[in-house]
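Here's the structure we're looking at; comments come further down.
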Amino acid sequence: MTQGQVMDILQGALLVALKLSAPLLLVSIAIGLVVAIFQAATQIHEQTLTFVPKVLAIALLLLVLGSWMMTVMNDYVNELFARMMML
């Protein structure tokens, strides 16, 4: 296996990781920002106020996007196995 092939595999892995984590991170950041603005406006500084909405939203997002995430991961693993068969 050449250095170029290893770099291609690493680049693909990083791209898949970014694809899978981006929706969850963006939703978590957006909810955190909304809750922080609400807390600043009302001066309610409760730790669970930020935790519960994030957990619920991420759980809902995983239910909605779970099959897509599995498809992306499955495609990448199949690509890796196909590359190993060519060696």
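Residues are named by chain letter and number: chains run A, B, ... in the order of the structure tokens, numbers start at 1 in each chain, and ligands are numbered from 1 in the order shown.
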Once you count only C-alpha atoms, what closest atom pair and distance in Å to one decimal does each residue of stretch 1-50 of chain A within 12 Å of stretch 58-81 of chain A have, with rows by chain and rising residue number, as a Markdown table?
| residue | atom | partner | partner_atom | distance |
| --- | --- | --- | --- | --- |
| A:Gln5 | CA | A:Leu80 | CA | 10.9 |
| A:Val6 | CA | A:Leu80 | CA | 10.9 |
| A:Asp8 | CA | A:Leu80 | CA | 10.6 |
| A:Ile9 | CA | A:Leu80 | CA | 7.7 |
| A:Leu10 | CA | A:Leu80 | CA | 10.7 |
| A:Gln11 | CA | A:Tyr76 | CA | 11.5 |
| A:Gly12 | CA | A:Tyr76 | CA | 7.8 |
| A:Ala13 | CA | A:Tyr76 | CA | 7.8 |
| A:Leu14 | CA | A:Tyr76 | CA | 11.0 |
| A:Leu15 | CA | A:Tyr76 | CA | 10.1 |
| A:Val16 | CA | A:Met73 | CA | 7.1 |
| A:Ala17 | CA | A:Met73 | CA | 8.9 |
| A:Leu18 | CA | A:Val72 | CA | 11.2 |
| A:Lys19 | CA | A:Val72 | CA | 8.4 |
| A:Leu20 | CA | A:Met69 | CA | 6.1 |
| A:Ser21 | CA | A:Met69 | CA | 9.3 |
| A:Ala22 | CA | A:Met69 | CA | 11.2 |
| A:Pro23 | CA | A:Leu61 | CA | 8.2 |
| A:Leu24 | CA | A:Ile58 | CA | 6.3 |
| A:Leu25 | CA | A:Ile58 | CA | 8.9 |
| A:Leu26 | CA | A:Ile58 | CA | 10.2 |
| A:Val27 | CA | A:Ile58 | CA | 7.5 |
| A:Ser28 | CA | A:Ile58 | CA | 7.2 |
| A:Ile29 | CA | A:Ile58 | CA | 11.0 |
| A:Ala30 | CA | A:Ile58 | CA | 11.5 |
| A:Ile31 | CA | A:Ile58 | CA | 10.1 |
| A:Gly32 | CA | A:Ile58 | CA | 12.0 |
